[in-house]
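Chemist: File follows, structure37.pdb with PDB, C-alpha atoms and all ligand atoms:
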```pdb
ATOM      1  CA  MET A 278     130.590 204.881 109.458  1.00  0.00           C
ATOM      2  CA  ASN A 279     131.509 207.966 111.502  1.00  0.00           C
ATOM      3  CA  ASP A 280     134.851 208.776 113.154  1.00  0.00           C
ATOM      4  CA  HIS A 281     133.947 206.900 116.325  1.00  0.00           C
ATOM      5  CA  ALA A 282     132.529 203.784 114.760  1.00  0.00           C
ATOM      6  CA  VAL A 283     134.348 200.516 115.334  1.00  0.00           C
ATOM      7  CA  ASP A 284     134.760 198.147 112.419  1.00  0.00           C
ATOM      8  CA  MET A 285     133.134 194.998 113.760  1.00  0.00           C
ATOM      9  CA  THR A 286     134.895 192.822 111.191  1.00  0.00           C
ATOM     10  CA  MET A 287     138.293 193.608 112.711  1.00  0.00           C
ATOM     11  CA  CYS A 288     139.995 192.045 115.741  1.00  0.00           C
ATOM     12  CA  ALA A 289     138.760 193.549 119.027  1.00  0.00           C
ATOM     13  CA  ALA A 290     142.319 194.087 120.293  1.00  0.00           C
ATOM     14  CA  SER A 291     142.964 197.814 120.018  1.00  0.00           C
ATOM     15  CA  GLY A 292     144.919 198.688 116.878  1.00  0.00           C
ATOM     16  CA  CYS A 293     145.183 195.134 115.565  1.00  0.00           C
ATOM     17  CA  PRO A 294     145.294 195.061 111.721  1.00  0.00           C
ATOM     18  CA  CYS A 295     143.746 191.568 111.467  1.00  0.00           C
ATOM     19  CA  VAL A 296     140.215 190.411 110.833  1.00  0.00           C
ATOM     20  CA  GLY A 297     138.340 189.193 113.922  1.00  0.00           C
ATOM     21  CA  SER A 298     137.540 185.548 113.290  1.00  0.00           C
ATOM     22  CA  MET A 299     137.379 183.922 116.723  1.00  0.00           C
ATOM     23  CA  SER A 300     135.149 184.428 119.735  1.00  0.00           C
ATOM     24  CA  ASN A 301     134.125 182.598 122.887  1.00  0.00           C
ATOM     25  CA  SER A 302     130.545 183.619 122.213  1.00  0.00           C
ATOM     26  CA  THR A 303     128.011 181.106 120.997  1.00  0.00           C
ATOM     27  CA  THR A 304     125.578 183.876 120.077  1.00  0.00           C
ATOM     28  CA  GLY A 305     127.875 186.164 118.094  1.00  0.00           C
ATOM     29  CA  THR A 306     127.468 188.984 120.594  1.00  0.00           C
ATOM     30  CA  ASP A 307     130.900 188.799 122.207  1.00  0.00           C
ATOM     31  CA  LYS A 308     134.095 190.461 120.982  1.00  0.00           C
ATOM     32  CA  TRP A 309     135.843 188.798 118.052  1.00  0.00           C
ATOM     33  CA  TYR A 310     139.606 188.398 117.924  1.00  0.00           C
ATOM     34  CA  CYS A 311     142.116 187.365 115.296  1.00  0.00           C
ATOM     35  CA  GLY A 312     143.647 183.907 115.612  1.00  0.00           C
ATOM     36  CA  ILE A 313     146.800 185.354 117.143  1.00  0.00           C
ATOM     37  CA  HIS A 314     145.181 187.474 119.872  1.00  0.00           C
ATOM     38  CA  PHE A 315     142.502 184.909 120.661  1.00  0.00           C
ATOM     39  CA  GLY A 316     143.239 183.074 123.893  1.00  0.00           C
ATOM     40  CA  GLN A 317     146.368 185.077 124.697  1.00  0.00           C
ATOM     41  CA  PRO A 318     146.769 186.685 128.123  1.00  0.00           C
ATOM     42  CA  GLY A 319     145.611 190.318 128.240  1.00  0.00           C
ATOM     43  CA  GLY A 320     149.077 191.451 129.286  1.00  0.00           C
ATOM     44  CA  ALA A 321     150.510 190.241 125.975  1.00  0.00           C
ATOM     45  CA  SER A 322     147.917 192.028 123.840  1.00  0.00           C
ATOM     46  CA  SER A 323     149.725 195.304 123.157  1.00  0.00           C
ATOM     47  CA  ARG A 324     153.047 193.548 122.450  1.00  0.00           C
ATOM     48  CA  ILE A 325     151.266 191.239 119.981  1.00  0.00           C
ATOM     49  CA  THR A 326     149.491 194.209 118.364  1.00  0.00           C
ATOM     50  CA  SER A 327     152.786 196.073 117.972  1.00  0.00           C
ATOM     51  CA  GLU A 328     154.309 193.091 116.219  1.00  0.00           C
ATOM     52  CA  LEU A 329     151.250 192.642 113.996  1.00  0.00           C
ATOM     53  CA  GLN A 330     151.482 196.323 113.044  1.00  0.00           C
ATOM     54  CA  ARG A 331     155.176 195.871 112.239  1.00  0.00           C
ATOM     55  CA  MET A 332     154.224 192.851 110.126  1.00  0.00           C
ATOM     56  CA  ALA A 333     151.161 194.571 108.581  1.00  0.00           C
ATOM     57  CA  TRP A 334     152.674 194.043 105.108  1.00  0.00           C
ATOM     58  CA  LEU A 335     152.405 190.269 105.625  1.00  0.00           C
ATOM     59  CA  VAL A 336     148.909 190.567 107.098  1.00  0.00           C
ATOM     60  CA  ALA A 337     147.898 192.516 103.958  1.00  0.00           C
ATOM     61  CA  ILE A 338     149.386 189.859 101.663  1.00  0.00           C
ATOM     62  CA  MET A 339     147.476 187.118 103.470  1.00  0.00           C
ATOM     63  CA  LEU A 340     144.215 189.097 103.198  1.00  0.00           C
ATOM     64  CA  ASP A 341     144.817 189.754  99.478  1.00  0.00           C
ATOM     65  CA  VAL A 342     145.587 186.114  98.765  1.00  0.00           C
ATOM     66  CA  ARG A 343     142.522 184.869 100.638  1.00  0.00           C
ATOM     67  CA  ARG A 344     140.372 187.411  98.803  1.00  0.00           C
ATOM     68  CA  VAL A 345     141.384 186.641  95.210  1.00  0.00           C
ATOM     69  CA  TYR A 346     143.490 183.538  94.741  1.00  0.00           C
ATOM     70  CA  ALA A 347     140.691 181.712  92.988  1.00  0.00           C
ATOM     71  CA  ALA A 348     140.035 184.692  90.712  1.00  0.00           C
ATOM     72  CA  GLU A 349     141.567 185.553  87.370  1.00  0.00           C
ATOM     73  CA  ASN A 350     143.813 188.292  88.786  1.00  0.00           C
ATOM     74  CA  TRP A 351     145.570 185.916  91.202  1.00  0.00           C
ATOM     75  CA  GLY A 352     148.810 186.510  89.285  1.00  0.00           C
ATOM     76  CA  ASN A 353     148.761 190.215  90.161  1.00  0.00           C
ATOM     77  CA  VAL A 354     148.357 189.435  93.862  1.00  0.00           C
ATOM     78  CA  ARG A 355     151.193 186.934  93.713  1.00  0.00           C
ATOM     79  CA  GLN A 356     153.365 189.510  91.951  1.00  0.00           C
ATOM     80  CA  ARG A 357     152.603 192.150  94.615  1.00  0.00           C
ATOM     81  CA  ALA A 358     153.290 189.585  97.339  1.00  0.00           C
ATOM     82  CA  ASN A 359     156.659 188.714  95.785  1.00  0.00           C
ATOM     83  CA  TYR A 360     157.533 192.422  95.658  1.00  0.00           C
ATOM     84  CA  GLN A 361     156.711 192.771  99.384  1.00  0.00           C
ATOM     85  CA  PHE A 362     158.743 189.660 100.256  1.00  0.00           C
ATOM     86  CA  GLN A 363     161.676 191.207  98.416  1.00  0.00           C
ATOM     87  CA  MET A 364     161.222 194.598 100.111  1.00  0.00           C
ATOM     88  CA  HIS A 365     161.149 192.984 103.556  1.00  0.00           C
ATOM     89  CA  GLN A 366     163.984 190.548 102.794  1.00  0.00           C
ATOM     90  CA  ARG A 367     161.707 187.543 103.279  1.00  0.00           C
ATOM     91  CA  ASN A 368     161.977 185.811  99.902  1.00  0.00           C
ATOM     92  CA  ASP A 369     161.876 182.573 101.900  1.00  0.00           C
ATOM     93  CA  LEU A 370     158.122 183.205 102.282  1.00  0.00           C
ATOM     94  CA  ALA A 371     157.390 183.334  98.534  1.00  0.00           C
ATOM     95  CA  TYR A 372     155.038 180.744  97.085  1.00  0.00           C
ATOM     96  CA  GLY A 373     156.808 177.542  96.077  1.00  0.00           C
ATOM     97  CA  ARG A 374     159.921 178.086  98.210  1.00  0.00           C
ATOM     98  CA  GLU A 375     159.042 175.131 100.454  1.00  0.00           C
ATOM     99  CA  LYS A 376     158.049 171.602  99.482  1.00  0.00           C
ATOM    100  CA  THR A 377     154.966 172.041 101.631  1.00  0.00           C
ATOM    101  CA  ASP A 378     153.637 174.740  99.249  1.00  0.00           C
ATOM    102  CA  VAL A 379     151.524 172.230  97.332  1.00  0.00           C
ATOM    103  CA  SER A 380     148.492 174.530  97.300  1.00  0.00           C
ATOM    104  CA  VAL A 381     147.614 178.110  98.134  1.00  0.00           C
ATOM    105  CA  SER A 382     146.027 176.988 101.401  1.00  0.00           C
ATOM    106  CA  SER A 383     149.189 175.152 102.474  1.00  0.00           C
ATOM    107  CA  TRP A 384     151.211 178.257 101.574  1.00  0.00           C
ATOM    108  CA  LEU A 385     148.844 180.433 103.621  1.00  0.00           C
ATOM    109  CA  LYS A 386     149.307 178.041 106.530  1.00  0.00           C
ATOM    110  CA  ARG A 387     153.074 178.567 106.243  1.00  0.00           C
ATOM    111  CA  LEU A 388     152.631 182.375 106.136  1.00  0.00           C
ATOM    112  CA  ASP A 389     150.366 182.145 109.188  1.00  0.00           C
ATOM    113  CA  GLY A 390     153.035 180.123 110.971  1.00  0.00           C
ATOM    114  CA  ALA A 391     155.667 182.783 110.195  1.00  0.00           C
ATOM    115  CA  LEU A 392     153.390 185.547 111.463  1.00  0.00           C
ATOM    116  CA  ARG A 393     152.490 183.554 114.566  1.00  0.00           C
ATOM    117  CA  ALA A 394     156.167 182.783 115.290  1.00  0.00           C
ATOM    118  CA  SER A 395     157.007 186.455 114.975  1.00  0.00           C
ATOM    119  CA  CYS A 396     154.240 187.504 117.371  1.00  0.00           C
ATOM    120  CA  LEU A 397     154.360 184.742 119.959  1.00  0.00           C
ATOM    121  CA  ILE A 398     158.054 183.865 120.056  1.00  0.00           C
ATOM    122  CA  ASP A 399     158.624 185.197 123.584  1.00  0.00           C
ATOM    123  CA  ASP A 400     155.334 184.011 124.937  1.00  0.00           C
ATOM    124  CA  ALA A 401     155.521 180.830 126.964  1.00  0.00           C
ATOM    125  CA  ASN A 402     151.728 180.657 126.941  1.00  0.00           C
ATOM    126  CA  ALA A 403     151.448 180.696 123.149  1.00  0.00           C
ATOM    127  CA  GLN A 404     148.779 178.341 121.873  1.00  0.00           C
ATOM    128  CA  GLU A 405     149.166 175.857 119.060  1.00  0.00           C
ATOM    129  CA  SER A 406     148.663 177.238 115.571  1.00  0.00           C
ATOM    130  CA  ILE A 407     145.094 178.190 114.821  1.00  0.00           C
ATOM    131  CA  PRO A 408     144.050 179.390 111.362  1.00  0.00           C
ATOM    132  CA  THR A 409     143.989 183.174 111.440  1.00  0.00           C
ATOM    133  CA  ILE A 410     142.898 186.336 109.629  1.00  0.00           C
TER     134      ILE A 410
HETATM  135 ZN    ZN B   1     144.295 190.679 116.729  1.00  0.00          ZN
END
```
Can you dump the structure from the file as structure tokens?
Ligand SMILES: [Zn+2]

Modeler:
Amino acid sequence: MNDHAVDMTMCAASGCPCVGSMSNSTTGTDKWYCGIHFGQPGGASSRITSELQRMAWLVAIMLDVRRVYAAENWGNVRQRANYQFQMHQRNDLAYGREKTDVSVSSWLKRLDGALRASCLIDDANAQESIPTI
């Protein structure tokens, strides 16, 4: 990859730290967006990106968890996540803090909801929750 190459695995919204997982294309040739940018009005894009960059620590936790939670070093990821929750005064997001945290996937859904709420709170056109990242 050179300096001008675009990482095609990332969201097409400029500067977005999330993985691009959604597209209107049926052939895979269109731009891919993260679940938060996808379907949002273009005018909201930079505000959403700014919030996602501010919340990049949570985006990174969600990527880490999705990458390794079934692996042997899951405990290390959970420990790093707990450290980040503490640093950002969001211990409420730690695994097991809600009754709904019955599995890692239900916990990830809760983290996605927190991220989505943070990014789309002022947006009257916000879509229903769609799995992201
Ligand atoms: Zn995005």

Chemist: Suppose a student applies the PyMOL selection byres (((chain A and resi 294-308) around 10) and not hetatm) to this structure; what residues should they get, written as a VMD selection string?

Modeler: chain A and resid 284 to 293 309 to 316 326 to 327 329 to 334 336 to 337 339 to 340 407 to 410

Chemist: Which is closest to ligand ZN 1 (chain B) among A:Phe362, A:Cys396, A:Val345, A:Gly373, if we use only C-alpha atoms and all ligand atoms?

Modeler: A:Cys396

Chemist: Please evaluate the PyMOL selection byres (((chain A and resi 383-386) around 9) and not hetatm) against the displayed coordinates and give the resulting residues as a list of chain:residue names.

Modeler: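 Given this file, the PyMOL selection byres (((chain A and resi 383-386) around 9) and not hetatm) evaluates to A:Met339, A:Val342, A:Arg343, A:Leu370, A:Ala371, A:Tyr372, A:Gly373, A:Glu375, A:Thr377, A:Asp378, A:Val379, A:Ser380, A:Val381, A:Ser382, A:Arg387, A:Leu388, A:Asp389, A:Gly390, A:Ala391, A:Pro408, A:Thr409.
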
Chemist: Give the answer as one residue: which of A:Asp341, A:Asp369, A:Glu328, A:Glu349 has the shortest atom-to-atom distance to ligand ZN 1 (chain B), using all atoms listed in the file?

Modeler: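 Among A:Asp341, A:Asp369, A:Glu328, A:Glu349, it is A:Glu328 that comes nearest to ligand ZN 1 (chain B).
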
Chemist: Do you have the atom CA of Leu397 of chain A-atom CA of Ile325 of chain A distance handy?

Modeler: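 Distance reported for this atom pair: 7.2 Å.
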
Chemist: Just how far from atom CA of Gln356 of chain A is atom CA of Leu392 of chain A, in Å to one decimal?

Modeler: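 Value for the atom CA of Leu392 of chain A-atom CA of Gln356 of chain A distance: 19.9 Å.
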
Chemist: In Å, how far is it from atom CA of Arg357 of chain A to atom CA of Arg344 of chain A?

Modeler: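 So the two atoms, atom CA of Arg357 of chain A and atom CA of Arg344 of chain A, lie 13.8 Å apart.
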
Chemist: Which of these residues is nearest to ligand ZN 1 (chain B), using all atoms listed in the file: A:Ala347, A:Gly352, A:Gln363, A:Gly319?

Modeler: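 Selected residue with least distance to ligand ZN 1 (chain B): A:Gly319.
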
Chemist: Using all atoms listed in the file, which residue out of A:Gln366, A:Asn350, A:Ser323, A:Asn359 lies closest to ligand ZN 1 (chain B)?

Modeler: A:Ser323

Chemist: A:Arg367, A:Lys376, A:Tyr346, A:Arg393: which is nearest ligand ZN 1 (chain B), counting only C-alpha atoms and all ligand atoms?

Modeler: A:Arg393

Chemist: Rank A:Met364, A:Ala348, A:Ala321, A:Val354 by their smallest atom-to-atom distance to ligand ZN 1 (chain B), using all atoms listed in the file, and report the top residue only.

Modeler: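 Nearest candidate to ligand ZN 1 (chain B) out of A:Met364, A:Ala348, A:Ala321, A:Val354: A:Ala321.
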